[in-house]
file coords-v6.cif (mmCIF, C-alpha atoms)
data_upload
loop_
_atom_site.label_atom_id
_atom_site.label_comp_id
_atom_site.auth_asym_id
_atom_site.auth_seq_id
_atom_site.Cartn_x
_atom_site.Cartn_y
_atom_site.Cartn_z
CA MET A 7 2.07 52.91 -12.31
CA ALA A 8 -1.20 51.87 -10.66
CA VAL A 9 -0.97 49.22 -7.99
CA GLU A 10 -3.46 46.40 -8.39
CA ALA A 11 -5.75 45.77 -5.45
CA ALA A 12 -5.25 42.51 -3.62
CA ASN A 13 -7.72 39.75 -4.43
CA PRO A 14 -9.82 39.10 -1.29
CA LEU A 15 -10.27 35.44 -2.28
CA ILE A 16 -6.52 34.75 -2.19
CA SER A 17 -5.25 33.50 1.15
CA THR A 18 -2.88 35.84 2.99
CA GLN A 19 -2.02 33.48 5.81
CA LYS A 20 1.63 32.55 6.04
CA SER A 21 2.15 28.84 6.47
CA SER A 22 4.82 26.27 5.79
CA GLY A 23 2.76 24.92 2.88
CA SER A 24 0.34 22.05 2.55
CA GLY A 25 2.85 19.85 0.76
CA LEU A 26 0.40 19.16 -2.06
CA GLN A 27 2.16 18.16 -5.27
CA VAL A 28 0.38 18.40 -8.63
CA ALA A 29 1.49 16.60 -11.80
CA LEU A 30 -0.08 18.02 -14.96
CA HIS A 31 -0.24 16.03 -18.21
CA PRO A 32 -0.06 17.72 -21.67
CA LEU A 33 -3.28 16.05 -22.81
CA VAL A 34 -5.19 18.26 -20.37
CA LEU A 35 -3.64 21.38 -21.87
CA LEU A 36 -4.58 20.26 -25.40
CA THR A 37 -8.17 19.60 -24.30
CA ILE A 38 -8.51 23.00 -22.62
CA SER A 39 -6.98 24.90 -25.55
CA ASP A 40 -9.23 23.02 -28.00
CA TYR A 41 -12.32 23.90 -25.94
CA ILE A 42 -11.32 27.58 -25.76
CA THR A 43 -10.64 27.69 -29.50
CA ARG A 44 -13.98 26.13 -30.44
CA HIS A 45 -15.84 28.34 -27.97
CA THR A 46 -14.23 31.46 -29.45
CA LEU A 47 -14.58 30.61 -33.15
CA ARG A 48 -18.21 29.52 -32.79
CA GLN A 49 -18.93 32.70 -30.81
CA GLN A 50 -20.63 30.73 -28.06
CA LYS A 51 -21.95 32.49 -25.00
CA GLY A 52 -21.38 31.63 -21.39
CA PRO A 53 -18.28 30.79 -19.34
CA ILE A 54 -15.78 28.08 -20.15
CA VAL A 55 -15.95 25.40 -17.47
CA GLY A 56 -14.69 21.81 -17.45
CA ALA A 57 -13.86 18.96 -15.11
CA LEU A 58 -10.45 17.47 -14.35
CA LEU A 59 -9.87 13.75 -13.95
CA GLY A 60 -6.85 12.17 -12.31
CA GLN A 61 -5.57 10.29 -9.30
CA GLN A 62 -4.94 11.39 -5.74
CA ASN A 63 -2.54 9.41 -3.58
CA GLY A 64 -2.06 11.19 -0.28
CA ARG A 65 -0.66 14.62 -1.06
CA GLU A 66 0.11 13.79 -4.69
CA ILE A 67 -2.43 14.66 -7.40
CA THR A 68 -2.18 13.86 -11.10
CA ILE A 69 -4.31 15.64 -13.71
CA GLU A 70 -4.57 13.30 -16.70
CA HIS A 71 -7.85 14.03 -18.54
CA ALA A 72 -10.39 16.83 -18.87
CA TYR A 73 -13.81 17.39 -20.42
CA GLU A 74 -16.20 20.31 -20.77
CA CYS A 75 -19.26 20.75 -18.57
CA LEU A 76 -22.84 21.89 -19.01
CA LEU A 77 -24.03 24.78 -16.84
CA VAL A 78 -27.49 25.86 -15.74
CA GLU A 79 -28.61 29.11 -14.21
CA GLY A 80 -29.77 28.80 -10.62
CA GLU A 81 -30.62 31.53 -8.15
CA ASP A 82 -28.73 34.38 -9.81
CA GLU A 83 -25.71 32.14 -10.27
CA LEU A 84 -24.35 29.54 -12.67
CA VAL A 85 -23.88 25.99 -11.40
CA LEU A 86 -23.26 22.56 -12.91
CA HIS A 87 -26.14 20.62 -14.39
CA GLN A 88 -26.13 17.90 -11.74
CA THR A 89 -27.82 15.08 -13.67
CA TRP A 90 -25.79 15.65 -16.82
CA PHE A 91 -22.55 16.05 -14.88
CA GLU A 92 -23.00 12.87 -12.83
CA ASP A 93 -23.87 10.82 -15.92
CA ARG A 94 -20.85 12.14 -17.84
CA LEU A 95 -18.56 11.61 -14.86
CA GLN A 96 -19.69 8.00 -14.48
CA ARG A 97 -19.09 7.33 -18.17
CA MET A 98 -15.59 8.79 -17.94
CA LYS A 99 -14.87 6.59 -14.92
CA ASP A 100 -16.10 3.52 -16.84
CA VAL A 101 -13.75 4.35 -19.72
CA HIS A 102 -10.69 5.07 -17.57
CA LYS A 103 -10.56 2.08 -15.26
CA ASP A 104 -6.87 1.17 -15.59
CA PRO A 105 -5.67 3.15 -13.80
CA ALA A 106 -8.88 4.23 -12.10
CA LEU A 107 -9.45 7.98 -12.45
CA ASP A 108 -11.73 10.20 -10.39
CA LEU A 109 -12.73 13.83 -10.22
CA VAL A 110 -9.87 15.91 -8.77
CA GLY A 111 -11.03 19.43 -9.67
CA TRP A 112 -12.26 21.73 -12.41
CA TYR A 113 -10.91 24.37 -14.78
CA THR A 114 -12.05 27.72 -16.13
CA ILE A 115 -10.71 31.00 -17.49
CA LEU A 116 -9.38 33.34 -14.80
CA PRO A 117 -7.69 36.72 -14.74
CA THR A 118 -4.11 36.80 -13.56
CA SER A 119 -5.26 38.17 -10.20
CA GLY A 120 -7.00 34.89 -9.34
CA PRO A 121 -10.52 33.53 -8.77
CA GLN A 122 -13.51 35.87 -8.62
CA PRO A 123 -16.75 35.66 -6.58
CA VAL A 124 -18.62 34.38 -9.66
CA HIS A 125 -16.56 31.18 -9.51
CA LEU A 126 -17.46 30.33 -5.91
CA PRO A 127 -20.88 28.62 -6.53
CA ILE A 128 -19.38 26.00 -8.88
CA HIS A 129 -16.45 25.38 -6.57
CA ARG A 130 -18.70 24.98 -3.53
CA GLN A 131 -20.93 22.58 -5.47
CA ILE A 132 -17.94 20.39 -6.35
CA LEU A 133 -16.59 20.52 -2.78
CA HIS A 134 -19.90 19.55 -1.18
CA SER A 135 -21.04 16.91 -3.70
CA TYR A 136 -18.00 15.29 -5.31
CA ASN A 137 -14.58 16.04 -3.80
CA GLU A 138 -13.78 17.83 -0.56
CA SER A 139 -10.25 18.66 -1.69
CA ALA A 140 -10.96 19.69 -5.29
CA ILE A 141 -8.44 21.95 -6.97
CA LEU A 142 -9.02 24.78 -9.44
CA LEU A 143 -7.01 25.20 -12.64
CA GLY A 144 -7.19 28.74 -13.98
CA PHE A 145 -6.18 29.40 -17.58
CA HIS A 146 -4.99 32.97 -18.37
CA PRO A 147 -5.51 33.84 -22.08
CA THR A 148 -4.79 37.52 -21.39
CA ALA A 149 -1.24 36.60 -20.38
CA ILE A 150 -0.70 35.10 -23.85
CA LEU A 151 -2.08 38.17 -25.62
CA GLU A 152 0.06 40.50 -23.51
CA GLY A 153 3.14 38.32 -23.97
CA SER A 154 3.89 38.37 -20.24
CA THR A 155 4.21 34.61 -19.74
CA GLY A 156 7.97 34.63 -20.12
CA GLY A 157 8.21 31.01 -21.24
CA LYS A 158 5.88 29.76 -18.50
CA LEU A 159 2.53 28.11 -19.03
CA PRO A 160 -0.34 30.63 -18.81
CA LEU A 161 -2.13 28.83 -15.99
CA THR A 162 -2.32 28.66 -12.22
CA ILE A 163 -3.50 25.84 -9.98
CA TYR A 164 -5.22 26.67 -6.68
CA GLU A 165 -6.24 24.70 -3.64
CA SER A 166 -9.04 25.93 -1.39
CA ASN A 167 -9.34 26.07 2.38
CA TYR A 168 -11.81 27.51 4.83
CA GLU A 169 -10.12 30.23 6.84
CA ALA A 170 -11.29 32.57 9.55
CA GLU A 171 -12.59 35.76 8.03
CA GLU A 172 -10.82 38.81 9.40
CA THR A 173 -12.72 42.10 9.22
CA ALA A 174 -10.60 45.18 9.12
CA ALA A 175 -11.41 47.61 11.90
CA ALA A 176 -11.64 51.28 11.23
CA ALA A 177 -8.66 53.37 12.23
CA GLY A 178 -8.85 54.69 15.82
CA GLU A 179 -11.84 52.53 16.75
CA ASP A 180 -11.95 49.63 19.15
CA ARG A 181 -13.00 46.21 17.90
CA GLU A 182 -16.03 44.69 19.58
CA MET A 183 -15.37 41.45 21.42
CA LYS A 184 -17.82 38.70 20.44
CA ASP A 185 -18.13 35.23 21.81
CA GLY A 186 -18.49 32.23 19.53
CA GLU A 187 -16.63 30.75 16.62
CA PRO A 188 -15.34 33.08 13.92
CA GLN A 189 -16.93 32.96 10.48
CA LEU A 190 -15.13 30.80 7.95
CA ALA A 191 -14.65 31.97 4.37
CA LEU A 192 -13.38 30.11 1.33
CA ARG A 193 -9.87 31.16 0.32
CA PHE A 194 -7.56 29.99 -2.47
CA LYS A 195 -3.85 29.35 -2.34
CA GLU A 196 -1.56 28.85 -5.32
CA LEU A 197 0.04 25.44 -5.73
CA PRO A 198 3.29 24.52 -7.49
CA TYR A 199 2.96 22.01 -10.31
CA SER A 200 5.13 20.00 -12.67
CA VAL A 201 4.44 18.69 -16.17
CA GLU A 202 4.68 14.93 -16.62
CA THR A 203 4.07 12.92 -19.77
CA GLY A 204 4.22 9.36 -21.04
CA GLU A 205 5.49 7.97 -24.33
CA ALA A 206 2.02 7.81 -25.89
CA GLU A 207 1.34 11.43 -24.93
CA MET A 208 4.68 12.53 -26.34
CA ILE A 209 3.83 10.97 -29.70
CA SER A 210 0.37 12.58 -29.80
CA VAL A 211 1.64 15.99 -28.71
CA ASP A 212 4.40 15.88 -31.32
CA PHE A 213 1.84 14.97 -34.00
CA VAL A 214 -0.45 17.84 -32.99
CA ALA A 215 2.45 20.29 -32.87
CA ARG A 216 3.58 19.34 -36.38
CA GLY A 217 0.05 19.47 -37.76
CA GLY A 218 -0.63 22.84 -36.19
CA GLY A 219 1.43 24.61 -38.85
CA ASN A 220 -1.05 23.45 -41.50
CA ALA A 221 -4.20 24.33 -39.55
CA THR A 222 -6.44 27.08 -40.93
CA ALA A 223 -9.55 28.67 -39.54
CA VAL A 224 -12.47 28.58 -42.00
CA ASP A 225 -14.82 31.54 -41.81
CA GLY A 226 -18.29 30.25 -42.62
CA THR A 227 -19.94 33.68 -42.43
CA ALA A 228 -18.16 34.86 -45.59
CA LYS A 229 -19.45 31.89 -47.59
CA GLU A 230 -23.02 32.44 -46.35
CA SER A 231 -22.94 36.12 -47.27
CA ALA A 232 -21.56 35.29 -50.72
CA ALA A 233 -24.32 32.73 -51.28
CA GLU A 234 -26.98 35.24 -50.21
CA LYS A 235 -25.61 37.80 -52.64
CA SER A 236 -25.56 35.34 -55.53
CA GLU A 237 -29.23 34.28 -55.16
CA PRO A 238 -30.98 37.57 -56.11
CA SER A 239 -28.61 38.16 -58.99
CA SER A 240 -29.85 35.01 -60.79
CA ASP A 241 -33.16 36.68 -61.69
CA LYS A 242 -31.56 39.62 -63.49
CA GLY A 243 -30.07 40.22 -66.93
CA LYS A 244 -27.49 38.28 -68.86
CA GLY A 245 -24.77 40.83 -68.18
CA LYS A 246 -25.05 40.31 -64.45
CA SER A 247 -25.17 36.54 -64.92
CA ARG A 248 -21.91 36.72 -66.85
CA ALA A 249 -20.41 38.84 -64.12
CA GLY A 250 -21.61 36.26 -61.61
CA LYS A 251 -19.94 33.49 -63.61
CA LYS A 252 -16.70 35.46 -63.69
CA SER A 253 -16.84 35.99 -59.93
CA GLU A 254 -17.46 32.27 -59.44
CA GLU A 255 -14.45 31.46 -61.63
CA GLN A 256 -12.35 33.88 -59.60
CA ASP A 257 -13.54 32.26 -56.37
CA ALA A 258 -12.67 28.82 -57.77
CA GLU A 259 -9.19 30.08 -58.68
CA THR A 260 -8.67 31.48 -55.18
CA VAL A 261 -9.80 28.15 -53.68
CA LYS A 262 -7.33 26.29 -55.89
CA ALA A 263 -4.58 28.71 -54.87
CA ASP A 264 -5.42 28.11 -51.20
CA GLU A 265 -5.31 24.36 -51.77
CA GLN A 266 -1.89 24.72 -53.38
CA HIS A 267 -0.61 26.45 -50.22
CA ILE A 268 -1.33 23.36 -48.11
CA LEU A 269 1.97 22.02 -46.87
CA SER A 270 2.99 18.42 -47.27
CA ARG A 271 4.26 16.29 -44.43
CA GLU A 272 7.89 16.75 -45.55
CA ASP A 273 7.43 20.54 -45.66
CA GLU A 274 5.96 20.52 -42.16
CA GLU A 275 8.89 18.49 -40.83
CA LEU A 276 11.36 20.83 -42.54
CA ILE A 277 9.63 23.92 -41.12
CA ALA A 278 9.56 22.38 -37.64
CA SER A 279 13.27 21.52 -37.86
CA LEU A 280 14.23 24.99 -39.10
CA THR A 281 12.06 26.62 -36.42
CA ALA A 282 13.75 24.58 -33.68
CA LYS A 283 17.19 25.54 -35.00
CA ALA A 284 16.21 29.22 -35.26
CA ASN A 285 14.93 29.22 -31.67
CA ALA A 286 18.15 27.56 -30.49
CA ILE A 287 20.25 30.18 -32.28
CA LYS A 288 18.16 32.99 -30.77
CA MET A 289 18.57 31.53 -27.29
CA LEU A 290 22.32 31.15 -27.81
CA HIS A 291 22.57 34.76 -28.98
CA ALA A 292 20.60 35.97 -25.95
CA ARG A 293 22.82 33.99 -23.54
CA ILE A 294 25.99 35.34 -25.15
CA ASN A 295 24.67 38.89 -24.87
CA LEU A 296 23.83 38.26 -21.21
CA ILE A 297 27.39 37.08 -20.51
CA ALA A 298 28.84 40.08 -22.36
CA ILE A 299 26.67 42.55 -20.42
CA TYR A 300 27.63 40.88 -17.14
CA LEU A 301 31.35 41.17 -17.92
CA GLN A 302 31.00 44.79 -19.07
CA ASN A 303 29.38 45.80 -15.78
CA LEU A 304 32.08 44.25 -13.59
CA PRO A 305 34.47 46.53 -11.67
CA PRO A 306 37.54 47.60 -13.66
CA SER A 307 39.86 45.53 -11.47
CA TYR A 308 38.18 42.32 -12.69
CA ILE A 309 38.21 43.31 -16.35
CA SER A 310 41.89 44.28 -16.55
CA ASN A 311 44.87 43.37 -14.41
CA VAL A 312 46.21 46.93 -14.53
CA VAL A 313 43.95 49.80 -13.52
CA PRO A 314 45.01 53.20 -14.95
CA GLU A 315 45.88 55.74 -12.29
CA ASP A 316 44.30 58.69 -14.08
CA VAL A 317 40.84 57.08 -14.03
CA GLU A 318 38.54 59.05 -11.77
CA PRO A 319 36.10 57.16 -9.56
CA THR A 320 32.55 57.29 -10.82
CA GLU A 321 29.19 56.62 -9.22
CA LYS A 322 28.46 53.80 -11.61
CA LYS A 323 26.92 50.78 -9.93
CA TYR A 324 28.84 47.68 -10.90
CA THR A 325 27.52 44.15 -11.02
CA PRO A 326 28.16 42.17 -7.82
CA VAL A 327 31.08 39.83 -8.32
CA ASN A 328 30.19 36.14 -8.33
CA HIS A 329 33.33 34.03 -8.50
CA SER A 330 31.45 30.83 -9.36
CA VAL A 331 29.95 32.55 -12.43
CA LEU A 332 33.37 33.87 -13.43
CA ARG A 333 34.87 30.40 -13.14
CA SER A 334 32.09 28.99 -15.33
CA ILE A 335 32.76 31.68 -17.96
CA GLN A 336 36.47 30.91 -17.85
CA ALA A 337 35.78 27.19 -18.28
CA LEU A 338 33.57 27.99 -21.26
CA LEU A 339 36.35 30.05 -22.84
CA THR A 340 38.89 27.26 -22.38
CA ARG A 341 36.53 24.81 -24.12
CA LEU A 342 36.25 27.07 -27.16
CA SER A 343 39.71 25.93 -28.29
CA LEU A 344 38.20 22.50 -28.89
CA LEU A 345 35.74 24.02 -31.36
CA VAL A 346 38.09 26.50 -33.06
CA PRO A 347 41.15 24.81 -34.66
CA ALA A 348 44.54 26.01 -33.51
CA ASP A 349 46.10 25.79 -37.01
CA ALA A 350 43.56 27.39 -39.33
CA VAL A 351 45.71 26.86 -42.46
CA ALA A 352 46.06 23.12 -41.89
CA PHE A 353 42.34 22.88 -41.08
CA GLU A 354 41.42 24.63 -44.33
CA ARG A 355 43.77 22.36 -46.27
CA GLU A 356 42.27 19.22 -44.73
CA LEU A 357 38.73 20.52 -45.30
CA MET A 358 39.57 21.23 -48.96
CA SER A 359 41.01 17.72 -49.34
CA GLU A 360 37.84 16.15 -47.93
CA GLN A 361 35.70 18.28 -50.24
CA ASN A 362 37.79 17.16 -53.23
CA ASP A 363 37.36 13.53 -52.20
CA VAL A 364 33.60 13.95 -51.98
CA ASN A 365 33.46 15.69 -55.35
CA LEU A 366 35.65 12.98 -56.89
CA VAL A 367 33.37 10.22 -55.61
CA SER A 368 30.34 12.10 -56.96
CA LEU A 369 32.05 12.51 -60.33
CA LEU A 370 32.93 8.79 -60.48
CA SER A 371 29.33 7.92 -59.66
CA THR A 372 28.07 10.15 -62.47
CA LEU A 373 30.61 8.64 -64.88
CA THR A 374 29.55 5.11 -63.92
CA GLN A 375 25.91 5.95 -64.55
CA SER A 376 26.80 7.42 -67.94
CA ILE A 377 28.76 4.28 -68.92
CA LYS A 378 25.83 2.13 -67.83
CA GLY A 379 23.50 4.20 -70.02
CA VAL A 380 25.84 3.90 -73.03
CA ARG A 381 26.05 0.12 -72.61
CA GLU A 382 22.27 -0.14 -72.42
CA THR A 383 21.95 1.93 -75.58
CA GLY A 384 24.52 -0.27 -77.39
CA ARG A 385 22.68 -3.45 -76.36
CA LYS A 386 19.38 -2.11 -77.70
CA PHE A 387 21.08 -1.03 -80.94
CA ALA A 388 22.57 -4.51 -81.40
CA VAL A 389 19.13 -6.13 -81.00
CA VAL A 390 17.59 -3.79 -83.56
CA ASP A 391 20.48 -4.26 -86.00
CA THR A 392 20.23 -8.08 -85.73
CA GLN A 393 16.51 -8.00 -86.48
CA LYS A 394 17.15 -5.78 -89.50
CA SER A 395 19.80 -8.14 -90.90
CA ILE A 396 17.54 -11.19 -90.42
CA LYS A 397 14.68 -9.40 -92.18
CA SER A 398 16.90 -8.44 -95.14
CA LYS A 399 18.05 -12.08 -95.55
CA SER A 400 14.44 -13.32 -95.56
CA ASP A 401 13.53 -10.74 -98.22
CA ARG A 402 16.40 -11.89 -100.49
CA SER A 403 15.35 -15.56 -100.15
CA GLY A 404 11.87 -15.04 -101.64
CA GLY A 405 9.90 -13.11 -99.09
CA PRO A 406 7.94 -14.36 -96.21
CA TRP A 407 5.78 -16.67 -98.42
CA GLY A 408 8.61 -18.14 -100.46
CA GLY A 409 8.70 -21.95 -100.77
CA GLY A 410 11.04 -23.63 -98.39
CA GLY A 411 12.22 -20.29 -97.11
CA SER A 412 12.26 -19.05 -93.58
CA PHE A 413 9.62 -16.77 -92.23
CA ASN A 414 10.93 -13.77 -90.28
CA GLY A 415 14.18 -15.53 -89.52
CA VAL A 416 12.53 -18.78 -88.33
CA MET A 417 13.64 -22.01 -90.13
CA GLY A 418 10.88 -23.72 -92.12
CA VAL A 419 10.09 -27.41 -92.62
CA GLY A 420 12.11 -27.55 -95.84
CA ASP A 421 15.15 -26.13 -94.09
CA LEU A 422 14.91 -28.74 -91.38
CA LEU A 423 14.57 -31.66 -93.92
CA SER A 424 17.46 -30.43 -96.04
#
call {"tool": "encode", "arguments": {"input": "coords-v6.cif", "output": "structure tokens"}}
result
Amino acid sequence: MAVEAANPLISTQKSSGSGLQVALHPLVLLTISDYITRHTLRQQKGPIVGALLGQQNGREITIEHAYECLLVEGEDELVLHQTWFEDRLQRMKDVHKDPALDLVGWYTILPTSGPQPVHLPIHRQILHSYNESAILLGFHPTAILEGSTGGKLPLTIYESNYEAEETAAAAGEDREMKDGEPQLALRFKELPYSVETGEAEMISVDFVARGGGNATAVDGTAKESAAEKSEPSSDKGKGKSRAGKKSEEQDAETVKADEQHILSREDEELIASLTAKANAIKMLHARINLIAIYLQNLPPSYISNVVPEDVEPTEKKYTPVNHSVLRSIQALLTRLSLLVPADAVAFERELMSEQNDVNLVSLLSTLTQSIKGVRETGRKFAVVDTQKSIKSKSDRSGGPWGGGGSFNGVMGVGDLLS
């Protein structure tokens, strides 16, 4: 296995730590991922660079907002467009006044080894012009593709310091003594961070997470190529025009089928709930397997009270015994009796009784609805039958225009006088 060379821009000095604490908000992660997605799908050229806005109180830094930046090519290096950047930064400050936010650093895509020399011009520009203690947030998309994140966020936050540059002397040669101050070089040091969020951010992140299952990437190049192919075919014979119409009908059917695959809000919530339950079951299964493997690799004296005499000693390396872990496992086993009933027969009988009660209530509800429907039908039949009897009486009394007779069951003037 090849050993990766150490990054010369990463600080190797051992210190007690700067005590800098960074609080990262999820909105920043959504902004960065959105920028990377748009940059990739649109096949844009150039690096991905953006600014970070937040607050800095002493040794505490919060990263709350982010936006993308415009770059220009200077003397064989890429730097920020100063006029554009200052105007955009001022507008962001005007928007976020309560609480007041300021530039705390910048972000870009980095390899897992850390910053590279190509990133130094932008960082120096921010240090000299905007913030002397700016931090660098490096996003690692390769870690996601390789699946090596291990449940951690694929990013690293660095602080920068100027340190004395140490030149390695050749083996067996003396180092020349020079008077004067040593040369200072920019070095980066990794910072620990925590993720903090507010109620509004939690709602927005939950909405984006649920809507992400219904998101689809539309390939515009396929539509353009199809349109280009359909244009020259319009000048040809009828047979090809019919074939073109058939292909258009097939395309319309595929579009309708794609539209039918769009999930509703209830389906998205159901999928999200089932996914969360599946992940919980997988995690539970992995933890149980971990406990089982730990117990299997214990020495035989801890697995069984009696050790057979005819067992020959082996060179197998057993797991180191941790009594606190064993006590936790024992406590977990004692709590299982609360979940598993002691009397399984009585539990099954009680469960069957509750199921019968539920089924009986459901049956009574169905019977009540049926009785209500029968009563409604009888009421309607009585109304119709009454109208029929009234009409037959009016027909026997001389029809609707008979003298002194009623009309459609309504008493006439003669009836009232008599």
call {"tool": "residues_around", "arguments": {"input": "coords-v6.cif", "residues": "Thr18 (chain A)", "least_positions_apart": "5", "cutoff": "10 Å", "atoms": "only C-alpha atoms", "output": "PyMOL selection string"}}
result
chain A and resi 12-13+169+193-195
call {"tool": "residues_around", "arguments": {"input": "coords-v6.cif", "residues": "region 139-141 of chain A", "least_positions_apart": "3", "cutoff": "9 Å", "atoms": "all atoms listed in the file", "output": "mmCIF file with C-alpha atoms, in the frame of the given file"}}
result
data_model
loop_
_atom_site.group_PDB
_atom_site.id
_atom_site.type_symbol
_atom_site.label_atom_id
_atom_site.label_comp_id
_atom_site.auth_asym_id
_atom_site.auth_seq_id
_atom_site.Cartn_x
_atom_site.Cartn_y
_atom_site.Cartn_z
ATOM 1 C CA LEU A 58 -10.450 17.470 -14.350
ATOM 2 C CA LEU A 109 -12.730 13.830 -10.220
ATOM 3 C CA VAL A 110 -9.870 15.910 -8.770
ATOM 4 C CA GLY A 111 -11.030 19.430 -9.670
ATOM 5 C CA TRP A 112 -12.260 21.730 -12.410
ATOM 6 C CA TYR A 113 -10.910 24.370 -14.780
ATOM 7 C CA HIS A 129 -16.450 25.380 -6.570
ATOM 8 C CA ILE A 132 -17.940 20.390 -6.350
ATOM 9 C CA LEU A 133 -16.590 20.520 -2.780
ATOM 10 C CA TYR A 136 -18.000 15.290 -5.310
ATOM 11 C CA ILE A 163 -3.500 25.840 -9.980
ATOM 12 C CA TYR A 164 -5.220 26.670 -6.680
ATOM 13 C CA GLU A 165 -6.240 24.700 -3.640
ATOM 14 C CA SER A 166 -9.040 25.930 -1.390
ATOM 15 C CA ASN A 167 -9.340 26.070 2.380
#
call {"tool": "resolve_selection", "arguments": {"input": "coords-v6.cif", "expression": "the PyMOL selection byres ((chain A and resi 23-32) around 7)", "output": "PDB file with C-alpha atoms, in the coordinates of the input"}}
result
ATOM      1  CA  SER A  21       2.150  28.840   6.470  1.00  0.00           C
ATOM      2  CA  SER A  22       4.820  26.270   5.790  1.00  0.00           C
ATOM      3  CA  LEU A  33      -3.280  16.050 -22.810  1.00  0.00           C
ATOM      4  CA  VAL A  34      -5.190  18.260 -20.370  1.00  0.00           C
ATOM      5  CA  LEU A  35      -3.640  21.380 -21.870  1.00  0.00           C
ATOM      6  CA  LEU A  36      -4.580  20.260 -25.400  1.00  0.00           C
ATOM      7  CA  ARG A  65      -0.660  14.620  -1.060  1.00  0.00           C
ATOM      8  CA  GLU A  66       0.110  13.790  -4.690  1.00  0.00           C
ATOM      9  CA  ILE A  67      -2.430  14.660  -7.400  1.00  0.00           C
ATOM     10  CA  THR A  68      -2.180  13.860 -11.100  1.00  0.00           C
ATOM     11  CA  ILE A  69      -4.310  15.640 -13.710  1.00  0.00           C
ATOM     12  CA  GLU A  70      -4.570  13.300 -16.700  1.00  0.00           C
ATOM     13  CA  PRO A 198       3.290  24.520  -7.490  1.00  0.00           C
ATOM     14  CA  TYR A 199       2.960  22.010 -10.310  1.00  0.00           C
ATOM     15  CA  SER A 200       5.130  20.000 -12.670  1.00  0.00           C
ATOM     16  CA  VAL A 201       4.440  18.690 -16.170  1.00  0.00           C
ATOM     17  CA  GLU A 202       4.680  14.930 -16.620  1.00  0.00           C
ATOM     18  CA  THR A 203       4.070  12.920 -19.770  1.00  0.00           C
TER      19      THR A 203
END
call {"tool": "atom_distance", "arguments": {"input": "coords-v6.cif", "atom1": "CA of Asn63 (chain A)", "atom2": "CA of Asp93 (chain A)"}}
result
24.7 Å
call {"tool": "resolve_selection", "arguments": {"input": "coords-v6.cif", "expression": "the PyMOL selection byres ((chain A and resi 95-106) around 12)", "output": "NGL selection string"}}
result
:A and (56-63 or 68 or 70-76 or 87-94 or 107-110 or 136)
call {"tool": "closest_residue", "arguments": {"input": "coords-v6.cif", "among": "A:Val55, A:Leu332, A:Val124, A:Leu357", "to": "Ile297 (chain A)", "atoms": "all atoms listed in the file"}}
result
A:Leu332
call {"tool": "atom_distance", "arguments": {"input": "coords-v6.cif", "atom1": "CA of Ala170 (chain A)", "atom2": "CA of Leu15 (chain A)"}}
result
12.2 Å
call {"tool": "atom_distance", "arguments": {"input": "coords-v6.cif", "atom1": "CA of Asn328 (chain A)", "atom2": "CA of Leu301 (chain A)"}}
result
10.9 Å
call {"tool": "closest_residue", "arguments": {"input": "coords-v6.cif", "among": "A:Met358, A:Ile16, A:Leu339, A:Val367", "to": "Ser119 (chain A)", "atoms": "only C-alpha atoms"}}
result
A:Ile16
call {"tool": "axis_aligned_box", "arguments": {"input": "coords-v6.cif", "around": "region 397-401 of chain A", "padding_each_side": "3 Å", "output": "lines of an AutoDock Vina configuration file"}}
result
center_x = 15.8
center_y = -10.9
center_z = -95.2
size_x = 10.5
size_y = 10.9
size_z = 12.0
call {"tool": "residues_around", "arguments": {"input": "coords-v6.cif", "residues": "Asp82 (chain A)", "least_positions_apart": "3", "cutoff": "12 Å", "atoms": "only C-alpha atoms", "output": "ChimeraX atom specification"}}
result
/A:78-79,85,124,127
call {"tool": "resolve_selection", "arguments": {"input": "coords-v6.cif", "expression": "the PyMOL selection byres ((chain A and resi 335) around 12)", "output": "CSV table (one decimal) with C-alpha atoms, keeping the file's coordinate frame"}}
result
chain,number,residue,atom,x,y,z
A,293,ARG,CA,22.8,34.0,-23.5
A,294,ILE,CA,26.0,35.3,-25.2
A,296,LEU,CA,23.8,38.3,-21.2
A,297,ILE,CA,27.4,37.1,-20.5
A,298,ALA,CA,28.8,40.1,-22.4
A,300,TYR,CA,27.6,40.9,-17.1
A,301,LEU,CA,31.4,41.2,-17.9
A,328,ASN,CA,30.2,36.1,-8.3
A,329,HIS,CA,33.3,34.0,-8.5
A,330,SER,CA,31.4,30.8,-9.4
A,331,VAL,CA,30.0,32.6,-12.4
A,332,LEU,CA,33.4,33.9,-13.4
A,333,ARG,CA,34.9,30.4,-13.1
A,334,SER,CA,32.1,29.0,-15.3
A,336,GLN,CA,36.5,30.9,-17.8
A,337,ALA,CA,35.8,27.2,-18.3
A,338,LEU,CA,33.6,28.0,-21.3
A,339,LEU,CA,36.4,30.0,-22.8
A,340,THR,CA,38.9,27.3,-22.4
A,341,ARG,CA,36.5,24.8,-24.1
A,342,LEU,CA,36.2,27.1,-27.2
